[in-house]
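Participant: Sharing coords30.txt here; it has compact mmCIF, C-alpha atoms.
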# COMPACT_ATOMS: atom_id res chain seq x y z
CA MET A 1 -75.60 97.32 -85.52
CA THR A 2 -76.22 97.93 -81.84
CA SER A 3 -74.29 95.63 -79.55
CA THR A 4 -76.26 93.05 -77.57
CA GLU A 5 -75.03 94.53 -74.28
CA THR A 6 -76.41 97.98 -74.92
CA GLY A 7 -79.11 97.51 -77.54
CA THR A 8 -82.17 97.00 -75.37
CA PRO A 9 -82.16 100.11 -73.18
CA THR A 10 -81.57 102.48 -76.09
CA LEU A 11 -84.41 101.17 -78.23
CA SER A 12 -87.51 103.25 -78.33
CA GLY A 13 -91.22 102.71 -78.70
CA GLU A 14 -92.19 100.09 -81.20
CA ARG A 15 -88.82 98.30 -81.39
CA ALA A 16 -88.66 97.99 -77.60
CA ASP A 17 -92.23 96.66 -77.48
CA LEU A 18 -91.55 94.02 -80.14
CA LEU A 19 -88.33 92.97 -78.43
CA ASP A 20 -90.06 92.73 -75.06
CA ALA A 21 -92.97 90.66 -76.39
CA LEU A 22 -90.66 88.27 -78.25
CA GLY A 23 -88.38 87.90 -75.23
CA LYS A 24 -91.30 87.14 -72.96
CA HIS A 25 -92.85 84.46 -75.17
CA ARG A 26 -89.49 82.82 -75.86
CA PHE A 27 -89.04 82.63 -72.10
CA PHE A 28 -92.46 80.97 -71.64
CA LEU A 29 -91.50 78.33 -74.20
CA ARG A 30 -88.06 77.64 -72.68
CA PHE A 31 -89.63 77.55 -69.21
CA THR A 32 -91.66 74.44 -70.14
CA ALA A 33 -88.36 72.53 -70.49
CA ARG A 34 -87.03 73.54 -67.05
CA GLU A 35 -85.17 70.75 -65.20
CA LEU A 36 -86.03 68.05 -67.71
CA THR A 37 -83.77 65.20 -68.79
CA ASP A 38 -82.98 64.62 -72.46
CA GLU A 39 -85.26 61.57 -72.30
CA GLN A 40 -88.18 63.67 -71.04
CA ALA A 41 -87.52 66.35 -73.66
CA ALA A 42 -87.79 63.68 -76.38
CA GLN A 43 -91.00 62.10 -75.04
CA ARG A 44 -94.39 62.51 -76.66
CA PRO A 45 -96.79 62.13 -73.74
CA THR A 46 -99.94 63.55 -75.38
CA VAL A 47 -102.14 62.55 -78.30
CA SER A 48 -100.03 64.96 -80.36
CA ALA A 49 -96.80 63.77 -82.02
CA LEU A 50 -94.91 66.69 -80.44
CA SER A 51 -92.12 66.61 -77.86
CA LEU A 52 -90.72 69.61 -75.99
CA GLY A 53 -87.27 69.21 -77.56
CA GLY A 54 -88.84 68.95 -81.00
CA LEU A 55 -91.00 72.02 -80.41
CA LEU A 56 -87.96 74.06 -79.37
CA LYS A 57 -86.10 72.94 -82.51
CA HIS A 58 -89.07 73.77 -84.71
CA VAL A 59 -89.58 77.25 -83.23
CA THR A 60 -85.84 77.93 -83.60
CA ASP A 61 -85.83 76.79 -87.25
CA SER A 62 -88.91 78.81 -87.95
CA GLU A 63 -87.52 82.01 -86.39
CA GLU A 64 -84.34 81.52 -88.40
CA ALA A 65 -86.34 81.06 -91.62
CA TRP A 66 -88.31 84.27 -91.00
CA VAL A 67 -85.07 86.16 -90.42
CA ARG A 68 -83.85 84.85 -93.80
CA PHE A 69 -87.11 86.15 -95.28
CA ILE A 70 -86.52 89.60 -93.78
CA GLU A 71 -82.86 89.81 -94.80
CA ASP A 72 -82.74 87.91 -98.10
CA GLY A 73 -86.33 87.74 -99.32
CA PRO A 74 -88.96 85.04 -99.85
CA ASP A 75 -86.77 82.76 -101.98
CA ALA A 76 -84.33 82.30 -99.10
CA MET A 77 -86.94 81.17 -96.63
CA THR A 78 -86.93 77.41 -97.08
CA GLY A 79 -83.18 77.27 -96.59
CA ASN A 80 -82.62 74.51 -99.17
CA GLY A 81 -82.62 76.60 -102.32
CA LYS A 82 -86.10 75.48 -103.40
CA SER A 83 -89.44 77.17 -103.04
CA TRP A 84 -92.08 75.25 -101.09
CA ALA A 85 -93.97 74.74 -104.33
CA GLU A 86 -90.99 72.70 -105.53
CA TRP A 87 -90.62 70.59 -102.39
CA THR A 88 -90.70 66.83 -102.85
CA GLU A 89 -91.89 64.21 -100.39
CA GLN A 90 -88.27 63.75 -99.38
CA ASP A 91 -87.94 67.45 -98.54
CA TYR A 92 -91.03 67.20 -96.35
CA ALA A 93 -89.63 64.03 -94.74
CA GLU A 94 -86.42 65.91 -93.90
CA ARG A 95 -88.53 68.68 -92.39
CA GLU A 96 -90.43 66.18 -90.25
CA LYS A 97 -87.16 65.23 -88.57
CA THR A 98 -86.80 68.78 -87.31
CA PHE A 99 -89.86 68.21 -85.08
CA ALA A 100 -88.11 65.51 -83.03
CA LEU A 101 -84.85 65.24 -81.10
CA GLN A 102 -82.47 63.17 -83.24
CA PRO A 103 -79.82 60.78 -81.85
CA GLY A 104 -77.01 62.84 -80.34
CA GLU A 105 -79.12 65.96 -79.89
CA THR A 106 -79.48 67.26 -76.35
CA LEU A 107 -81.85 69.70 -74.70
CA ALA A 108 -78.87 71.88 -73.75
CA GLY A 109 -77.72 71.96 -77.37
CA VAL A 110 -81.19 72.82 -78.64
CA LEU A 111 -81.57 75.63 -76.09
CA ALA A 112 -78.12 77.04 -76.95
CA ARG A 113 -79.02 77.18 -80.62
CA TYR A 114 -82.34 78.88 -79.81
CA GLU A 115 -80.43 81.49 -77.79
CA GLU A 116 -78.10 82.14 -80.72
CA VAL A 117 -80.95 82.56 -83.23
CA ALA A 118 -82.85 84.82 -80.81
CA ARG A 119 -79.80 87.05 -80.36
CA ARG A 120 -79.50 87.56 -84.10
CA THR A 121 -83.20 88.40 -84.41
CA ASP A 122 -82.96 90.88 -81.56
CA GLU A 123 -79.97 92.59 -83.18
CA LEU A 124 -81.94 92.86 -86.40
CA ILE A 125 -84.92 94.43 -84.62
CA ALA A 126 -82.70 97.27 -83.39
CA THR A 127 -82.12 98.65 -86.87
CA VAL A 128 -84.33 96.97 -89.48
CA ASP A 129 -86.90 98.97 -91.49
CA LEU A 130 -90.15 97.73 -89.92
CA ASP A 131 -92.22 98.98 -92.88
CA LEU A 132 -90.24 97.05 -95.50
CA SER A 133 -92.83 94.83 -97.18
CA GLN A 134 -92.13 91.69 -99.23
CA PRO A 135 -94.36 89.07 -100.87
CA LEU A 136 -94.71 85.85 -98.88
CA PRO A 137 -93.18 82.82 -100.57
CA GLU A 138 -95.47 80.59 -102.57
CA ALA A 139 -96.75 77.94 -100.19
CA PRO A 140 -99.96 75.96 -99.83
CA TRP A 141 -100.65 77.69 -96.49
CA TYR A 142 -100.39 81.35 -97.64
CA ALA A 143 -103.01 83.23 -99.63
CA PRO A 144 -101.45 84.00 -103.04
CA GLY A 145 -100.34 87.60 -103.47
CA THR A 146 -99.98 88.38 -99.74
CA SER A 147 -97.16 90.71 -98.69
CA TRP A 148 -95.90 91.06 -95.14
CA SER A 149 -94.01 93.96 -93.59
CA VAL A 150 -91.08 93.20 -91.30
CA ARG A 151 -93.34 94.28 -88.43
CA ARG A 152 -95.99 91.75 -89.47
CA VAL A 153 -93.34 89.02 -89.56
CA LEU A 154 -92.23 89.93 -86.04
CA MET A 155 -95.84 89.82 -84.81
CA HIS A 156 -96.09 86.40 -86.40
CA LEU A 157 -92.96 85.27 -84.54
CA VAL A 158 -94.50 86.43 -81.25
CA ALA A 159 -97.67 84.49 -81.99
CA GLU A 160 -96.00 81.37 -83.36
CA THR A 161 -93.72 81.18 -80.33
CA ALA A 162 -96.76 81.67 -78.06
CA GLN A 163 -98.88 79.06 -79.83
CA HIS A 164 -96.14 76.43 -79.60
CA SER A 165 -95.63 77.50 -76.02
CA GLY A 166 -99.28 76.57 -75.45
CA HIS A 167 -98.61 73.13 -76.93
CA ALA A 168 -95.57 72.89 -74.67
CA ASP A 169 -97.60 73.81 -71.55
CA ILE A 170 -99.84 70.79 -72.03
CA ILE A 171 -97.00 68.44 -72.98
CA ARG A 172 -95.11 69.48 -69.82
CA GLU A 173 -98.18 69.00 -67.65
CA ALA A 174 -98.67 65.53 -69.16
CA LEU A 175 -95.00 64.67 -68.48
CA ASP A 176 -94.88 65.39 -64.76
CA GLY A 177 -97.86 67.55 -63.75
CA ALA A 178 -95.86 70.79 -63.74
CA LYS A 179 -97.94 73.82 -64.75
CA SER A 180 -96.67 76.99 -66.37
CA MET A 181 -99.50 79.19 -65.13
CA GLY A 182 -101.38 79.36 -61.83
CA MET B 183 -114.95 106.59 -84.95
CA THR B 184 -114.64 104.81 -88.28
CA SER B 185 -117.54 102.50 -89.05
CA THR B 186 -116.96 98.76 -88.76
CA GLU B 187 -117.87 98.22 -92.40
CA THR B 188 -115.17 100.41 -93.82
CA HIS B 189 -112.34 100.74 -91.34
CA THR B 190 -110.23 97.73 -92.26
CA PRO B 191 -109.17 98.66 -95.80
CA THR B 192 -108.34 102.25 -94.85
CA LEU B 193 -105.94 101.39 -92.05
CA SER B 194 -102.29 101.69 -92.88
CA GLY B 195 -99.02 100.20 -91.77
CA GLU B 196 -98.83 99.24 -88.14
CA ARG B 197 -102.56 99.38 -87.41
CA ALA B 198 -103.36 97.13 -90.37
CA ASP B 199 -100.66 94.68 -89.27
CA LEU B 200 -101.99 94.53 -85.69
CA LEU B 201 -105.54 94.03 -86.94
CA ASP B 202 -104.46 91.25 -89.30
CA ALA B 203 -102.45 89.42 -86.65
CA LEU B 204 -105.25 89.69 -84.08
CA ALA B 205 -107.86 88.41 -86.54
CA LYS B 206 -105.71 85.51 -87.64
CA HIS B 207 -105.01 84.22 -84.16
CA ARG B 208 -108.56 84.72 -82.94
CA PHE B 209 -109.61 82.60 -85.93
CA PHE B 210 -107.15 79.83 -85.02
CA LEU B 211 -108.61 79.73 -81.51
CA ARG B 212 -112.28 79.73 -82.65
CA ASN B 213 -111.49 77.15 -85.32
CA THR B 214 -110.56 74.54 -82.70
CA THR B 215 -114.29 74.34 -81.81
CA ARG B 216 -115.46 73.67 -85.38
CA GLY B 217 -118.25 71.09 -85.51
CA LEU B 218 -118.20 70.27 -81.78
CA THR B 219 -121.13 69.60 -79.43
CA GLU B 220 -121.78 71.41 -76.14
CA GLU B 221 -120.52 68.34 -74.26
CA GLN B 222 -117.27 68.33 -76.21
CA VAL B 223 -116.51 72.02 -75.64
CA ALA B 224 -117.03 71.54 -71.88
CA ALA B 225 -114.85 68.42 -71.67
CA ALA B 226 -111.29 68.38 -70.32
CA PRO B 227 -109.66 65.46 -72.17
CA THR B 228 -105.96 66.19 -71.43
CA ALA B 229 -103.69 66.30 -68.37
CA SER B 230 -104.74 69.94 -68.09
CA SER B 231 -108.10 70.90 -66.54
CA LEU B 232 -108.82 73.19 -69.52
CA CYS B 233 -111.79 72.85 -71.89
CA LEU B 234 -112.26 74.65 -75.23
CA GLY B 235 -115.34 76.65 -74.20
CA GLY B 236 -113.62 77.82 -71.03
CA LEU B 237 -110.50 78.81 -72.95
CA ILE B 238 -112.50 81.02 -75.31
CA LYS B 239 -114.33 82.60 -72.35
CA HIS B 240 -111.00 83.27 -70.68
CA VAL B 241 -109.40 84.78 -73.81
CA ALA B 242 -112.47 86.98 -74.46
CA HIS B 243 -112.44 88.16 -70.84
CA GLY B 244 -108.71 88.83 -71.02
CA GLU B 245 -109.00 90.83 -74.24
CA ARG B 246 -111.86 92.91 -72.81
CA GLN B 247 -109.91 93.67 -69.64
CA TRP B 248 -106.72 94.59 -71.46
CA VAL B 249 -108.62 96.99 -73.71
CA ASP B 250 -110.17 98.51 -70.56
CA PHE B 251 -106.60 98.92 -69.30
CA ILE B 252 -105.63 100.78 -72.48
CA LEU B 253 -108.57 103.15 -71.99
CA ALA B 254 -108.61 103.58 -68.23
CA GLY B 255 -105.38 102.33 -66.69
CA PRO B 256 -104.43 99.63 -64.22
CA SER B 257 -107.33 99.97 -61.77
CA VAL B 258 -109.67 98.09 -64.13
CA LEU B 259 -107.52 94.99 -64.48
CA ALA B 260 -107.65 93.11 -61.20
CA SER B 261 -111.03 91.97 -60.00
CA GLY B 262 -112.99 94.01 -57.47
CA ASP B 263 -110.92 96.58 -55.65
CA LYS B 264 -107.96 94.28 -55.01
CA ASP B 265 -104.64 94.21 -56.78
CA TRP B 266 -103.54 90.71 -57.74
CA ASP B 267 -100.90 90.65 -55.03
CA GLU B 268 -103.75 90.93 -52.50
CA TRP B 269 -105.73 87.97 -53.88
CA ASP B 270 -106.54 85.11 -51.52
CA GLU B 271 -107.46 81.50 -52.29
CA SER B 272 -111.14 82.26 -52.72
CA ASP B 273 -110.35 84.97 -55.30
CA TYR B 274 -108.29 82.44 -57.25
CA ALA B 275 -111.05 79.81 -56.92
CA THR B 276 -113.58 82.26 -58.38
CA TYR B 277 -111.11 83.05 -61.14
CA HIS B 278 -110.62 79.38 -62.03
CA GLU B 279 -114.39 78.95 -62.39
CA THR B 280 -114.24 81.34 -65.35
CA PHE B 281 -112.23 78.68 -67.21
CA ARG B 282 -115.16 76.24 -67.06
CA MET B 283 -118.46 76.21 -68.93
CA GLN B 284 -121.20 77.07 -66.41
CA PRO B 285 -124.80 75.76 -66.49
CA GLY B 286 -126.72 77.54 -69.24
CA GLU B 287 -123.61 78.67 -71.12
CA THR B 288 -123.36 77.55 -74.74
CA LEU B 289 -120.62 77.54 -77.36
CA ALA B 290 -122.71 79.87 -79.54
CA GLY B 291 -123.09 82.29 -76.64
CA VAL B 292 -119.40 82.22 -75.81
CA LEU B 293 -118.43 82.79 -79.46
CA ALA B 294 -120.93 85.67 -79.79
CA ASP B 295 -119.46 87.36 -76.74
CA TYR B 296 -115.95 86.88 -78.12
CA GLU B 297 -117.07 88.46 -81.41
CA GLN B 298 -118.36 91.53 -79.54
CA VAL B 299 -115.09 91.90 -77.65
CA ALA B 300 -113.08 91.59 -80.87
CA LEU B 301 -115.24 94.15 -82.67
CA ARG B 302 -114.68 96.69 -79.91
CA THR B 303 -110.91 96.15 -79.96
CA ASP B 304 -110.76 96.42 -83.75
CA GLU B 305 -112.77 99.66 -83.75
CA LEU B 306 -110.52 101.20 -81.13
CA LEU B 307 -107.43 100.14 -83.00
CA ALA B 308 -108.34 102.44 -85.88
CA THR B 309 -107.79 105.58 -83.80
CA LEU B 310 -105.85 104.61 -80.69
CA ASP B 311 -102.57 106.31 -79.77
CA LEU B 312 -100.35 103.22 -79.84
CA ASP B 313 -97.56 104.90 -77.87
CA ALA B 314 -99.74 106.00 -74.96
CA GLY B 315 -99.50 103.73 -71.95
CA HIS B 316 -100.05 103.05 -68.28
CA PRO B 317 -98.16 101.39 -65.44
CA LEU B 318 -99.07 97.72 -65.04
CA PRO B 319 -101.00 96.80 -61.90
CA ARG B 320 -99.12 95.11 -59.08
CA ALA B 321 -99.09 91.36 -59.62
CA PRO B 322 -96.67 88.54 -58.81
CA TRP B 323 -96.18 87.98 -62.55
CA PHE B 324 -95.36 91.57 -63.59
CA GLU B 325 -92.06 93.33 -63.00
CA PRO B 326 -92.55 96.08 -60.43
CA GLY B 327 -92.69 99.47 -62.10
CA ALA B 328 -93.31 98.11 -65.61
CA HIS B 329 -95.19 100.38 -68.00
CA TRP B 330 -97.00 99.13 -71.11
CA SER B 331 -97.94 101.11 -74.22
CA ALA B 332 -101.20 100.36 -76.03
CA ARG B 333 -99.07 98.63 -78.68
CA ARG B 334 -97.45 96.40 -76.06
CA VAL B 335 -100.90 95.48 -74.74
CA LEU B 336 -102.07 94.55 -78.25
CA LEU B 337 -98.95 92.42 -78.78
CA HIS B 338 -99.79 90.76 -75.46
CA ILE B 339 -103.35 90.04 -76.61
CA ILE B 340 -101.92 88.47 -79.79
CA GLY B 341 -99.50 86.36 -77.73
CA GLU B 342 -102.12 85.35 -75.18
CA THR B 343 -104.63 84.40 -77.88
CA ALA B 344 -101.98 82.33 -79.68
CA GLN B 345 -100.77 80.60 -76.52
CA HIS B 346 -104.29 79.56 -75.53
CA SER B 347 -104.85 78.56 -79.14
CA GLY B 348 -101.93 76.17 -78.65
CA HIS B 349 -103.65 74.69 -75.58
CA ALA B 350 -106.82 74.42 -77.65
CA ASP B 351 -104.98 72.61 -80.49
CA ILE B 352 -103.99 69.76 -78.18
CA ILE B 353 -107.37 69.62 -76.42
CA ARG B 354 -109.10 69.36 -79.80
CA GLU B 355 -106.71 66.66 -80.99
CA ALA B 356 -107.38 64.73 -77.76
CA LEU B 357 -111.16 65.09 -78.26
CA ASP B 358 -111.44 63.61 -81.73
CA GLY B 359 -108.03 63.51 -83.42
CA ALA B 360 -108.59 66.67 -85.47
CA THR B 361 -105.35 68.64 -85.96
CA SER B 362 -105.10 72.35 -86.60
CA MET B 363 -101.84 72.35 -88.49
CA ALA B 364 -100.46 70.11 -91.19
Once you've parsed the file, please lay out its structure as C-alpha cells.
Facilitator:
Amino acid sequence: MTSTETGTPTLSGERADLLDALGKHRFFLRFTARELTDEQAAQRPTVSALSLGGLLKHVTDSEEAWVRFIEDGPDAMTGNGKSWAEWTEQDYAEREKTFALQPGETLAGVLARYEEVARRTDELIATVDLDLSQPLPEAPWYAPGTSWSVRRVLMHLVAETAQHSGHADIIREALDGAKSMG
Amino acid sequence: MTSTETHTPTLSGERADLLDALAKHRFFLRNTTRGLTEEQVAAAPTASSLCLGGLIKHVAHGERQWVDFILAGPSVLASGDKDWDEWDESDYATYHETFRMQPGETLAGVLADYEQVALRTDELLATLDLDAGHPLPRAPWFEPGAHWSARRVLLHIIGETAQHSGHADIIREALDGATSMA
C-alpha cells in the first residue's frame, strides 16, 4: 500500500484522474459547511428534510459502504450483516437517523470521520484492480443482475458526492445566502 | 465512427463504465422535469436563482464545451476570445442569462438540444484516446498549469451533471413536493 504522503504524485493516468475528481467533489461538499455552527449544520432550511451535517454523514457512510463492497463483496455492503432485501422497518428507521445530526454529534466530528474514510478510499485507489467486477447487492433500487467494476463504483462515488454537494449548495444558500459558485 | 445504434454493447471496460455513468446522471437531471409545465421549469422557487430549464441548458452547454476542449484544446472553452481571468461584469451578466429560460425557449427544445449534445459525446467516447489531454484555460477556479486528460474531462462532466442534478432535486421538491430519491 502506498503511503498517504507519497501516493498521489506517483499515481499515473486513470488512478490519478479518479483520485483528483473524488478529491475535488469532496472538497465542494465540505466547502458548503465552511464557518457554520453545529446548530446551523443541523438545520433543515429548505423544503427538503436534509441538513448539511446529515448530508456529510450520509455521504461518508455511503463511501464507506462502497469501499466494503469493493473489498469484501456485495454481502458486506449494508454493514449490519443483512442484505437490503432482508431489511426490516426498524433497519430503515436506523438508517434514517444517519441523515441527521444526533445529540452529541458535532460538525467537526462529522468532518473528521469523512476525512478518515476518504483517506482509506484514496489508499485503496492506489493499488486496487479497477477492472474487478462484482454483482451489485440485491436492492429495490438496482436492476437485478447488474455487475459493477471497481472503476464504475468510483465513478458512482464521484457522482453521488457531487449530487449531494448540489443539495448542500442550496441548503447553504437558504441558511445564510452564501453561494458556492459565482 | 461506430454507429449510434450499435456502439453501446460493443464497448468494453472503461468506456462502457463512463458511458453508463454519464447516461445515468443525465437521466437523473432530465427526470427532475417530468410532468412539468413551461411555467414550472422557468420558475425559481428556492433561495437560489436557479430554475430547472436553465440548469439543463447550462449542463448541456457545459458538456458541449468540454467535449470541444477534448477535441481542440483550451481556446474553445472561454467565451469569445477572452480567457476567464479577463472576464468583466458584463461577460458574467451575459453568462448568468444562460441559466434562465429566454422568451421562445421551451422545455422540449432544451431537452432535444441536450439529447444532441449527449449523442455526440457518447459517439466520441467509443473511439477517443482517454489519456490524451490539454492544459486547462486560465481561470480563477483552475490551478495554474493544470492539465486534464479526456478521461478527467469526462469525470468532470459526470460530476457537474450530478451536482446540478442535486440542485434540480431541491428545486423540483420546492415546486410540487416530488422527490427524486427514496
Participant: Given the choices B:Leu234, B:Leu336, B:Ala225, B:Ala242, which gets closest to Glu14 in chain A if the distance is worked out from only C-alpha atoms?
Facilitator: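 Using only C-alpha atoms, Glu14 in chain A sits closest to B:Leu336.
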Participant: Might you pull out every residue within 7 Å of range 353-363 of chain B, with only C-alpha atoms counted and same-chain residues fewer than 2 positions away left off, and present them as a list in words?
Facilitator: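 In the requested format, the answer is Val47 and Ser48 of chain A; Thr214, Pro227, Thr228, His349, Ala350 and Asp351 of chain B.
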Participant: Please compute the CA of Arg95 in chain A-CA of Gly23 in chain A distance, one decimal, in Å.
Facilitator: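 The value is 25.8 Å.
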Participant: Pick from B:Gln284, B:Ile252, B:Thr276, B:Ile352: nearest to Ala168 in chain A, with all atoms listed in the file counted?
Facilitator: B:Ile352
Participant: Near Thr106 in chain A, within 10 Å and counting all atoms listed in the file, which residues show up once chain neighbours fewer than 5 positions away are dropped, as a list in words?
Facilitator: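 Returned residues: Thr37, Asp38, Glu39, Ala41, Ala42, Gly53, Leu101, Leu111 and Ala112 of chain A.
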Participant: Tell me, counting only C-alpha atoms, for each residue of chain A within 10 Å of chain B, which pair of atoms is nearest and how far apart they are in Å to one decimal, in rows ordered by chain and increasing number, as a Markdown table.
Facilitator:
| residue | atom | partner | partner_atom | distance |
| --- | --- | --- | --- | --- |
| A:Gly13 | CA | B:Asp313 | CA | 6.8 |
| A:Glu14 | CA | B:Arg333 | CA | 7.5 |
| A:Ala16 | CA | B:Arg334 | CA | 9.1 |
| A:Asp17 | CA | B:Arg334 | CA | 5.4 |
| A:Leu18 | CA | B:Arg334 | CA | 7.6 |
| A:Asp20 | CA | B:Arg334 | CA | 8.3 |
| A:Ala21 | CA | B:Leu337 | CA | 6.7 |
| A:Leu22 | CA | B:Gly341 | CA | 9.1 |
| A:Lys24 | CA | B:Gly341 | CA | 9.5 |
| A:His25 | CA | B:Gly341 | CA | 7.4 |
| A:Phe28 | CA | B:Gln345 | CA | 9.6 |
| A:Leu29 | CA | B:Gln345 | CA | 9.8 |
| A:Pro45 | CA | B:Ala229 | CA | 9.7 |
| A:Thr46 | CA | B:Thr228 | CA | 7.7 |
| A:Val47 | CA | B:Ala356 | CA | 5.7 |
| A:Ser48 | CA | B:Ile352 | CA | 6.6 |
| A:Leu50 | CA | B:Ile352 | CA | 9.8 |
| A:Leu130 | CA | B:Glu196 | CA | 9.0 |
| A:Asp131 | CA | B:Gly195 | CA | 7.0 |
| A:Ser133 | CA | B:Gly195 | CA | 9.8 |
| A:Trp141 | CA | B:Ala364 | CA | 9.3 |
| A:Trp148 | CA | B:Asp199 | CA | 8.4 |
| A:Ser149 | CA | B:Asp199 | CA | 8.0 |
| A:Val150 | CA | B:Asp199 | CA | 9.9 |
| A:Arg151 | CA | B:Asp199 | CA | 7.4 |
| A:Arg152 | CA | B:Asp199 | CA | 5.5 |
| A:Val153 | CA | B:Asp199 | CA | 9.3 |
| A:Met155 | CA | B:Ala203 | CA | 6.9 |
| A:His156 | CA | B:Ala203 | CA | 7.0 |
| A:Leu157 | CA | B:Gly341 | CA | 9.5 |
| A:Val158 | CA | B:Gly341 | CA | 6.1 |
| A:Ala159 | CA | B:Gly341 | CA | 5.0 |
| A:Glu160 | CA | B:Ala344 | CA | 7.1 |
| A:Thr161 | CA | B:Gln345 | CA | 8.0 |
| A:Ala162 | CA | B:Gln345 | CA | 4.4 |
| A:Gln163 | CA | B:Gln345 | CA | 4.1 |
| A:His164 | CA | B:Gly348 | CA | 5.9 |
| A:Ser165 | CA | B:Gln345 | CA | 6.0 |
| A:Gly166 | CA | B:Gly348 | CA | 4.2 |
| A:His167 | CA | B:Gly348 | CA | 4.8 |
| A:Ala168 | CA | B:Gly348 | CA | 8.2 |
| A:Asp169 | CA | B:His349 | CA | 7.3 |
| A:Ile170 | CA | B:Ser230 | CA | 6.3 |
| A:Ile171 | CA | B:Ala229 | CA | 8.4 |
| A:Arg172 | CA | B:Ala229 | CA | 9.3 |
| A:Glu173 | CA | B:Ala229 | CA | 6.2 |
| A:Ala174 | CA | B:Ala229 | CA | 5.1 |
| A:Leu175 | CA | B:Ala229 | CA | 8.8 |
| A:Asp176 | CA | B:Ala229 | CA | 9.6 |
| A:Gly177 | CA | B:Ala229 | CA | 7.5 |
| A:Ala178 | CA | B:Ser230 | CA | 9.9 |
| A:Lys179 | CA | B:Ser230 | CA | 8.5 |
| A:Met181 | CA | B:Trp323 | CA | 9.7 |
| A:Gly182 | CA | B:Tyr274 | CA | 8.8 |
Participant: Just to confirm, what's the straight-line distance from CA of Ala205 in chain B to CA of Gly79 in chain A in Å (one decimal)?
Facilitator: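 Between CA of Ala205 in chain B and CA of Gly79 in chain A the gap is 28.9 Å.
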Participant: Go ahead and compute the interatomic distance for CA of Glu221 in chain B and CA of Ala294 in chain B, in Å to one decimal.
Facilitator: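 Distance between the two atoms: 18.2 Å.
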Participant: Show which residues sit within 8 Å of Val299 in chain B, as JSON, numbers by chain. Count all atoms listed in the file, and ignore same-chain residues fewer than 4 positions away.
Facilitator: {"B": [242, 245, 246, 295, 303]}
Participant: Could you pull out every residue with an atom within 12 Å of (-82.0, 69.0, -74.5), file coordinates, counting all atoms listed in the file, and send them as JSON, numbers by chain?
Facilitator: {"A": [30, 32, 33, 34, 35, 36, 37, 38, 39, 40, 41, 42, 43, 51, 52, 53, 54, 55, 56, 57, 100, 101, 102, 103, 104, 105, 106, 107, 108, 109, 110, 111, 112, 113, 114]}
Participant: When you count all atoms listed in the file, which of these residues is closest to Ser62 in chain A: A:Ala143, A:Leu132, A:Ser180, A:Ala118?
Facilitator: A:Ala118
Participant: Extract range 138-150 of chain A from the coordinates I pasted, and write it as a PDB file, in the first residue's frame (atoms kept: N, CA and C atoms).
Facilitator:
ATOM      1  N   GLU A 138     -28.516  -7.239  -3.884  1.00  0.00           N
ATOM      2  CA  GLU A 138     -29.953  -7.161  -4.166  1.00  0.00           C
ATOM      3  C   GLU A 138     -30.527  -5.980  -3.425  1.00  0.00           C
ATOM      4  N   ALA A 139     -31.167  -5.079  -4.147  1.00  0.00           N
ATOM      5  CA  ALA A 139     -31.796  -3.921  -3.514  1.00  0.00           C
ATOM      6  C   ALA A 139     -32.881  -3.415  -4.445  1.00  0.00           C
ATOM      7  N   PRO A 140     -33.909  -2.814  -3.878  1.00  0.00           N
ATOM      8  CA  PRO A 140     -35.027  -2.361  -4.718  1.00  0.00           C
ATOM      9  C   PRO A 140     -34.577  -1.355  -5.788  1.00  0.00           C
ATOM     10  N   TRP A 141     -33.460  -0.663  -5.534  1.00  0.00           N
ATOM     11  CA  TRP A 141     -33.042   0.418  -6.438  1.00  0.00           C
ATOM     12  C   TRP A 141     -31.957   0.003  -7.441  1.00  0.00           C
ATOM     13  N   TYR A 142     -31.601  -1.286  -7.511  1.00  0.00           N
ATOM     14  CA  TYR A 142     -30.673  -1.742  -8.549  1.00  0.00           C
ATOM     15  C   TYR A 142     -31.379  -2.730  -9.471  1.00  0.00           C
ATOM     16  N   ALA A 143     -31.065  -2.620 -10.775  1.00  0.00           N
ATOM     17  CA  ALA A 143     -31.608  -3.601 -11.715  1.00  0.00           C
ATOM     18  C   ALA A 143     -30.996  -4.966 -11.379  1.00  0.00           C
ATOM     19  N   PRO A 144     -31.826  -6.014 -11.272  1.00  0.00           N
ATOM     20  CA  PRO A 144     -31.295  -7.336 -10.933  1.00  0.00           C
ATOM     21  C   PRO A 144     -30.255  -7.782 -11.968  1.00  0.00           C
ATOM     22  N   GLY A 145     -29.195  -8.423 -11.468  1.00  0.00           N
ATOM     23  CA  GLY A 145     -28.198  -8.975 -12.376  1.00  0.00           C
ATOM     24  C   GLY A 145     -27.124  -7.992 -12.831  1.00  0.00           C
ATOM     25  N   THR A 146     -27.142  -6.758 -12.289  1.00  0.00           N
ATOM     26  CA  THR A 146     -26.124  -5.779 -12.686  1.00  0.00           C
ATOM     27  C   THR A 146     -24.817  -6.027 -11.939  1.00  0.00           C
ATOM     28  N   SER A 147     -23.700  -5.975 -12.668  1.00  0.00           N
ATOM     29  CA  SER A 147     -22.382  -6.035 -12.029  1.00  0.00           C
ATOM     30  C   SER A 147     -21.671  -4.714 -12.239  1.00  0.00           C
ATOM     31  N   TRP A 148     -20.916  -4.306 -11.237  1.00  0.00           N
ATOM     32  CA  TRP A 148     -20.135  -3.070 -11.370  1.00  0.00           C
ATOM     33  C   TRP A 148     -18.654  -3.357 -11.145  1.00  0.00           C
ATOM     34  N   SER A 149     -17.818  -2.783 -12.015  1.00  0.00           N
ATOM     35  CA  SER A 149     -16.371  -2.818 -11.806  1.00  0.00           C
ATOM     36  C   SER A 149     -16.023  -1.849 -10.679  1.00  0.00           C
ATOM     37  N   VAL A 150     -14.834  -2.008 -10.139  1.00  0.00           N
ATOM     38  CA  VAL A 150     -14.343  -1.064  -9.130  1.00  0.00           C
ATOM     39  C   VAL A 150     -14.351   0.355  -9.699  1.00  0.00           C
TER      40      VAL A 150
END
